[in-house]
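Printed here is work39.tsv (TSV, C-alpha atoms):
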chain	number	residue	atom	x	y	z
A	1	MET	CA	4.73	14.80	-7.10
A	2	ALA	CA	6.76	16.32	-4.27
A	3	ALA	CA	9.64	14.29	-2.86
A	4	LEU	CA	8.85	12.20	0.20
A	5	SER	CA	9.61	13.74	3.58
A	6	PRO	CA	12.80	12.30	5.10
A	7	TYR	CA	11.07	10.05	7.64
A	8	LYS	CA	8.79	8.55	4.97
A	9	ALA	CA	11.75	7.96	2.63
A	10	ASP	CA	13.75	6.35	5.45
A	11	PHE	CA	10.83	4.11	6.38
A	12	LEU	CA	10.24	3.07	2.77
A	13	LYS	CA	13.90	2.21	2.28
A	14	ALA	CA	13.99	0.19	5.53
A	15	SER	CA	10.82	-1.64	4.46
A	16	ILE	CA	12.29	-2.61	1.08
A	17	ASP	CA	15.79	-3.42	2.39
A	18	GLY	CA	14.33	-5.50	5.23
A	19	GLY	CA	12.01	-7.47	2.95
A	20	VAL	CA	8.89	-6.11	4.66
A	21	LEU	CA	7.72	-4.50	1.41
A	22	LYS	CA	8.08	-7.03	-1.39
A	23	PHE	CA	7.43	-6.79	-5.12
A	24	GLY	CA	6.22	-9.66	-7.28
A	25	SER	CA	2.79	-11.30	-7.52
A	26	PHE	CA	0.67	-11.75	-4.38
A	27	GLU	CA	-2.93	-12.92	-4.01
A	28	LEU	CA	-4.79	-10.82	-1.43
A	29	LYS	CA	-7.80	-11.83	0.69
A	30	SER	CA	-9.90	-10.00	-1.90
A	31	LYS	CA	-8.49	-12.40	-4.56
A	32	ARG	CA	-6.89	-9.45	-6.35
A	33	ILE	CA	-3.37	-10.10	-7.58
A	34	SER	CA	-1.18	-7.34	-6.17
A	35	PRO	CA	2.32	-6.48	-7.49
A	36	TYR	CA	3.42	-5.54	-3.98
A	37	PHE	CA	2.91	-6.88	-0.47
A	38	PHE	CA	3.53	-5.17	2.87
A	39	ASN	CA	3.67	-7.25	6.06
A	40	ALA	CA	4.22	-5.27	9.25
A	41	GLY	CA	4.59	-8.57	11.08
A	42	ASP	CA	8.06	-8.79	9.51
A	43	PHE	CA	9.38	-5.83	11.53
A	44	TYR	CA	10.63	-8.26	14.16
A	45	ARG	CA	14.35	-7.40	13.87
A	46	ALA	CA	15.62	-4.69	16.23
A	47	ASP	CA	16.79	-2.27	13.52
A	48	LEU	CA	13.50	-2.66	11.62
A	49	LEU	CA	11.48	-2.19	14.82
A	50	GLN	CA	13.41	1.05	15.37
A	51	ALA	CA	12.58	2.13	11.82
A	52	ILE	CA	8.84	1.52	12.14
A	53	SER	CA	8.53	2.96	15.66
A	54	THR	CA	10.36	6.11	14.53
A	55	ALA	CA	8.08	6.45	11.51
A	56	TYR	CA	4.92	6.03	13.63
A	57	ALA	CA	6.17	8.54	16.18
A	58	LYS	CA	7.09	11.15	13.57
A	59	CYS	CA	3.76	10.69	11.78
A	60	ILE	CA	1.90	11.13	15.09
A	61	ILE	CA	3.98	14.18	16.11
A	62	GLU	CA	3.36	15.77	12.70
A	63	ALA	CA	-0.40	15.20	12.97
A	64	HIS	CA	-0.46	16.58	16.52
A	65	LYS	CA	1.53	19.70	15.61
A	66	SER	CA	-0.81	20.37	12.67
A	67	GLY	CA	-3.74	20.43	15.09
A	68	GLN	CA	-5.39	17.32	13.63
A	69	LEU	CA	-4.76	14.92	16.51
A	70	ASP	CA	-5.01	15.06	20.31
A	71	PHE	CA	-4.88	11.91	22.43
A	72	ASP	CA	-4.09	10.54	25.88
A	73	ILE	CA	-3.46	6.84	25.22
A	74	VAL	CA	-1.92	4.85	22.36
A	75	PHE	CA	-3.93	1.67	21.78
A	76	GLY	CA	-2.71	-1.42	19.91
A	77	PRO	CA	-5.34	-3.93	18.77
A	78	ALA	CA	-4.28	-7.56	19.30
A	79	TYR	CA	-2.13	-8.98	17.91
A	80	LYS	CA	0.00	-7.01	15.44
A	81	GLY	CA	-0.99	-3.69	16.95
A	82	ILE	CA	0.43	-4.56	20.38
A	83	PRO	CA	4.17	-4.27	19.62
A	84	LEU	CA	3.55	-1.41	17.18
A	85	ALA	CA	1.69	0.71	19.75
A	86	THR	CA	4.14	-0.15	22.53
A	87	ALA	CA	7.20	0.71	20.43
A	88	ALA	CA	5.56	3.89	19.11
A	89	THR	CA	4.80	5.03	22.68
A	90	ASP	CA	8.43	4.49	23.68
A	91	LYS	CA	9.69	6.37	20.61
A	92	LEU	CA	7.29	9.30	21.17
A	93	ALA	CA	8.74	9.75	24.66
A	94	GLN	CA	12.29	9.61	23.28
A	95	LEU	CA	11.69	12.12	20.48
A	96	ASP	CA	9.59	14.61	22.48
A	97	PRO	CA	9.83	13.89	26.22
A	98	GLU	CA	8.22	17.19	27.18
A	99	THR	CA	5.00	16.35	25.32
A	100	TYR	CA	4.96	12.55	25.48
A	101	GLY	CA	7.11	11.64	28.49
A	102	LYS	CA	4.03	10.50	30.44
A	103	ILE	CA	1.95	9.17	27.54
A	104	CYS	CA	0.31	5.79	28.20
A	105	TYR	CA	-0.47	2.71	26.13
A	106	SER	CA	-3.04	-0.07	26.25
A	107	PHE	CA	-4.02	-3.12	24.24
A	108	ASP	CA	-6.84	-5.61	24.20
A	109	ARG	CA	-7.04	-9.33	24.78
A	110	LYS	CA	-8.66	-11.52	22.16
A	111	GLU	CA	-10.49	-13.27	25.02
A	112	ALA	CA	-11.43	-11.72	28.34
A	113	LYS	CA	-9.34	-12.86	31.32
A	114	ASP	CA	-11.53	-14.43	34.00
A	115	HIS	CA	-8.99	-14.38	36.85
A	116	GLY	CA	-6.52	-11.96	38.43
A	117	GLU	CA	-7.32	-8.41	37.35
A	118	GLY	CA	-9.67	-9.78	34.67
A	119	GLY	CA	-11.15	-7.82	31.82
A	120	ASN	CA	-10.38	-7.22	28.14
A	121	ILE	CA	-7.82	-4.40	28.41
A	122	VAL	CA	-4.16	-4.51	29.45
A	123	GLY	CA	-2.41	-1.24	30.29
A	124	ALA	CA	-3.86	2.19	30.97
A	125	PRO	CA	-7.62	2.35	31.69
A	126	LEU	CA	-9.53	3.85	28.76
A	127	LYS	CA	-12.50	5.43	30.53
A	128	GLY	CA	-12.84	9.14	29.77
A	129	LYS	CA	-9.61	9.19	27.75
A	130	ARG	CA	-8.91	10.09	24.10
A	131	ILE	CA	-7.57	6.99	22.38
A	132	LEU	CA	-5.27	6.78	19.36
A	133	ILE	CA	-5.37	3.41	17.60
A	134	VAL	CA	-2.05	2.29	16.09
A	135	ASP	CA	-2.10	-0.68	13.71
A	136	ASP	CA	-0.49	-1.96	10.51
A	137	VAL	CA	-3.03	-1.52	7.68
A	138	ILE	CA	-6.75	-1.10	7.06
A	139	THR	CA	-7.97	-3.78	4.66
A	140	ALA	CA	-11.74	-4.15	5.01
A	141	GLY	CA	-12.05	-2.07	8.19
A	142	THR	CA	-13.62	-4.93	10.21
A	143	ALA	CA	-10.78	-5.17	12.76
A	144	LYS	CA	-10.79	-1.40	13.32
A	145	ARG	CA	-14.57	-1.38	13.90
A	146	GLU	CA	-14.09	-4.12	16.50
A	147	ALA	CA	-11.32	-2.10	18.19
A	148	ILE	CA	-13.48	1.04	18.21
A	149	ALA	CA	-16.39	-0.91	19.75
A	150	LYS	CA	-14.12	-2.29	22.50
A	151	ILE	CA	-12.71	1.17	23.27
A	152	GLU	CA	-16.17	2.74	23.43
A	153	LYS	CA	-17.44	-0.11	25.64
A	154	GLU	CA	-14.64	0.74	28.09
A	155	GLY	CA	-15.71	4.42	28.07
A	156	GLY	CA	-12.89	5.67	25.85
A	157	ILE	CA	-13.21	8.20	23.02
A	158	VAL	CA	-11.50	7.28	19.76
A	159	ALA	CA	-9.39	10.29	18.73
A	160	GLY	CA	-7.90	8.84	15.55
A	161	ILE	CA	-6.12	5.96	13.83
A	162	VAL	CA	-2.55	5.73	12.51
A	163	VAL	CA	-1.54	2.89	10.20
A	164	ALA	CA	1.70	2.07	8.41
A	165	LEU	CA	0.19	1.88	4.93
A	166	ASP	CA	-2.79	3.25	3.02
A	167	ARG	CA	-3.21	1.04	-0.06
A	168	MET	CA	-5.60	3.70	-1.49
A	169	GLU	CA	-7.57	0.77	-2.86
A	170	LYS	CA	-11.31	0.59	-3.42
A	171	LEU	CA	-13.28	-2.03	-1.54
A	172	PRO	CA	-14.31	-5.07	-3.61
A	173	ALA	CA	-17.69	-4.51	-5.26
A	174	ALA	CA	-20.57	-6.52	-3.79
A	175	ASP	CA	-21.38	-7.92	-7.25
A	176	GLY	CA	-17.74	-8.69	-7.99
A	177	ASP	CA	-17.45	-6.05	-10.73
A	178	ASP	CA	-14.12	-4.38	-9.91
A	179	SER	CA	-14.41	-2.02	-12.86
A	180	LYS	CA	-16.87	0.15	-10.91
A	181	PRO	CA	-15.55	3.14	-8.93
A	182	GLY	CA	-15.75	2.82	-5.17
A	183	PRO	CA	-14.49	4.08	-1.81
A	184	SER	CA	-11.60	2.70	0.26
A	185	ALA	CA	-12.00	1.02	3.65
A	186	MET	CA	-10.11	3.95	5.17
A	187	GLY	CA	-12.46	6.46	3.57
A	188	GLU	CA	-15.51	4.55	4.80
A	189	LEU	CA	-14.17	4.52	8.38
A	190	ARG	CA	-13.49	8.27	8.24
A	191	LYS	CA	-17.04	8.90	7.07
A	192	GLU	CA	-18.67	6.44	9.47
A	193	TYR	CA	-16.92	7.59	12.65
A	194	GLY	CA	-15.85	11.15	11.79
A	195	ILE	CA	-12.31	10.52	13.02
A	196	PRO	CA	-8.95	11.44	11.46
A	197	ILE	CA	-6.98	8.54	9.98
A	198	PHE	CA	-3.31	8.89	9.07
A	199	ALA	CA	-0.88	6.63	7.22
A	200	ILE	CA	2.91	6.72	7.28
A	201	LEU	CA	2.95	5.70	3.62
A	202	THR	CA	0.35	5.69	0.86
A	203	LEU	CA	0.49	3.76	-2.40
A	204	ASP	CA	1.36	7.08	-4.09
A	205	ASP	CA	4.32	7.41	-1.70
A	206	ILE	CA	5.49	3.88	-2.51
A	207	ILE	CA	5.38	4.50	-6.25
A	208	GLU	CA	7.22	7.80	-5.88
A	209	GLY	CA	9.84	6.38	-3.52
A	210	MET	CA	10.42	3.01	-5.17
A	211	ARG	CA	11.95	4.60	-8.27
A	212	GLY	CA	15.62	3.73	-7.99
A	213	LEU	CA	14.93	1.17	-5.24
A	214	ALA	CA	12.93	-1.30	-7.36
A	215	SER	CA	13.04	-2.43	-10.98
A	216	PRO	CA	11.30	-0.36	-13.70
A	217	GLY	CA	9.06	-3.39	-14.30
A	218	ASP	CA	7.90	-3.43	-10.68
A	219	VAL	CA	7.24	0.33	-10.82
A	220	LYS	CA	5.15	-0.10	-13.98
A	221	LYS	CA	3.10	-2.99	-12.55
A	222	THR	CA	2.44	-1.05	-9.35
A	223	GLU	CA	1.31	2.02	-11.34
A	224	GLU	CA	-1.03	-0.18	-13.39
A	225	TYR	CA	-2.46	-1.73	-10.23
A	226	ARG	CA	-3.10	1.75	-8.78
A	227	ALA	CA	-4.88	2.82	-11.97
A	228	LYS	CA	-7.10	-0.26	-11.87
A	229	TYR	CA	-8.07	-0.30	-8.20
A	230	LYS	CA	-7.61	3.27	-6.89
A	231	ALA	CA	-10.43	4.37	-4.60
A	232	THR	CA	-12.59	7.40	-5.29
A	233	ASP	CA	-11.87	9.04	-1.89
Turn this file's structure into structure tokens for me.
Amino acid sequence: MAALSPYKADFLKASIDGGVLKFGSFELKSKRISPYFFNAGDFYRADLLQAISTAYAKCIIEAHKSGQLDFDIVFGPAYKGIPLATAATDKLAQLDPETYGKICYSFDRKEAKDHGEGGNIVGAPLKGKRILIVDDVITAGTAKREAIAKIEKEGGIVAGIVVALDRMEKLPAADGDDSKPGPSAMGELRKEYGIPIFAILTLDDIIEGMRGLASPGDVKKTEEYRAKYKATD
């Protein structure tokens, strides 16, 4: 496998050093026991926030330059997506002011405000605009479907999604038989909505980059987990 690009390697190192990406034994919502756990909610320290906002911005700029992504507004779904989208917008303007100096951001409320300006959306109006969703991970895809529905209700057009991590993991089987091949939540969203979805890091990236940063035992367990649960897409 090719070496990670510098911004991915920097982000992975910051995630491990900052305790955002942990190795051990973690029970997921799916009841699977994962040898690693990534919590974007732990990027609350200034240096870590700089690391994740830089990684989002560079991922977005790369996707835009490759012709895969055009957007007008960065949208952060409540709650974790709000600081991520806001920080990414700021970093985009810093890194490429000519292209992104006037870029806007928005986020949603969990409950509609019934006084003042009212409504579900805070920030730039979405109507008629191309919207890029920025969030931490895609697990089952439910939260992203809700965000897409809110954006479309406001008259926005979803242009794509950028997340911090693609676990490359198949969805749990309806009958509970995890030995069957299956698609990932990310793959299902791509197919369902026909939109591009990008991740700063994938599980393949983590395994490649963690060599030398984590113990050989953690590397082996993570490789075994990938072999067991890797999605077909």
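Comparing A:Ala51, A:Ile33, A:Ala40, A:Val134 by their smallest distance to A:Tyr7, the closest is A:Ala51 (using only C-alpha atoms).
Residues in contact with stretch 201-209 of chain A at up to 8 Å, not including ones fewer than 6 positions away on its chain and judged by all atoms listed in the file, are A:Met1, A:Ala3, A:Leu4, A:Lys8, A:Ala9, A:Leu12, A:Ala164, A:Leu165, A:Asp166, A:Arg167, A:Met168, A:Val219, A:Thr222, A:Glu223, A:Arg226.
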Identify, on the basis of all atoms listed in the file, every residue whose closest approach to A:Asp96 does not exceed 12 Å; exclude the query and any residue fewer than 2 positions from it along the same chain; express the result as an NGL selection string. :A and (54 or 57-58 or 60-62 or 64-65 or 88-94 or 98-103)
Near-stretch 73-77 of chain A list (9 Å; all atoms listed in the file; drop same-chain fewer than 3 positions) as a VMD selection string: chain A and resid 80 to 86 88 to 89 103 to 110 124 to 126 129 to 135 143 to 144 147 151
Go through A:Tyr229, A:Ile200, A:Asp17, A:Tyr56 one by one, measure the shortest atom-to-atom distance of each to A:Ser34 using only C-alpha atoms, and give the residue with the smallest value. A:Tyr229
I need the residue nearest A:Pro35 from this list: A:Asp72, A:Ile157, A:Lys22, A:Glu192. Use only C-alpha atoms for the distance.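 Closest candidate: A:Lys22.
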Atom-to-atom span, atom CA of A:Met210 and atom CA of A:Lys31, Å: 24.4 Å
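Interatomic distance, atom CA of A:Phe23 against atom CA of A:Gly141: 24.1 Å.
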For A:Ser179, please output as an NGL selection string all residues within 12 Å (counting only C-alpha atoms; exclusion window: fewer than 6 positions along the same chain). :A and (170-173 or 227-231)
Straight-line distance linking atom CA of A:Ala159 with atom CA of A:Lys191, stated in Å to one decimal: 14.0 Å
Enclose stretch 93-98 of chain A, meaning all of its atoms listed in the file, in a box aligned along x, y and z, pad it by 5 Å on each side, and list the centre and edge lengths in Å to one decimal, as AutoDock Vina command-line options.
--center_x 10.3 --center_y 13.4 --center_z 23.8 --size_x 14.1 --size_y 17.6 --size_z 16.7
Residue with smallest distance to A:Lys13 - pool A:Leu28, A:Ala55, A:Gly128, A:Ile121, counting all atoms listed in the file: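 Among the listed residues, the smallest separation from A:Lys13 belongs to A:Ala55.
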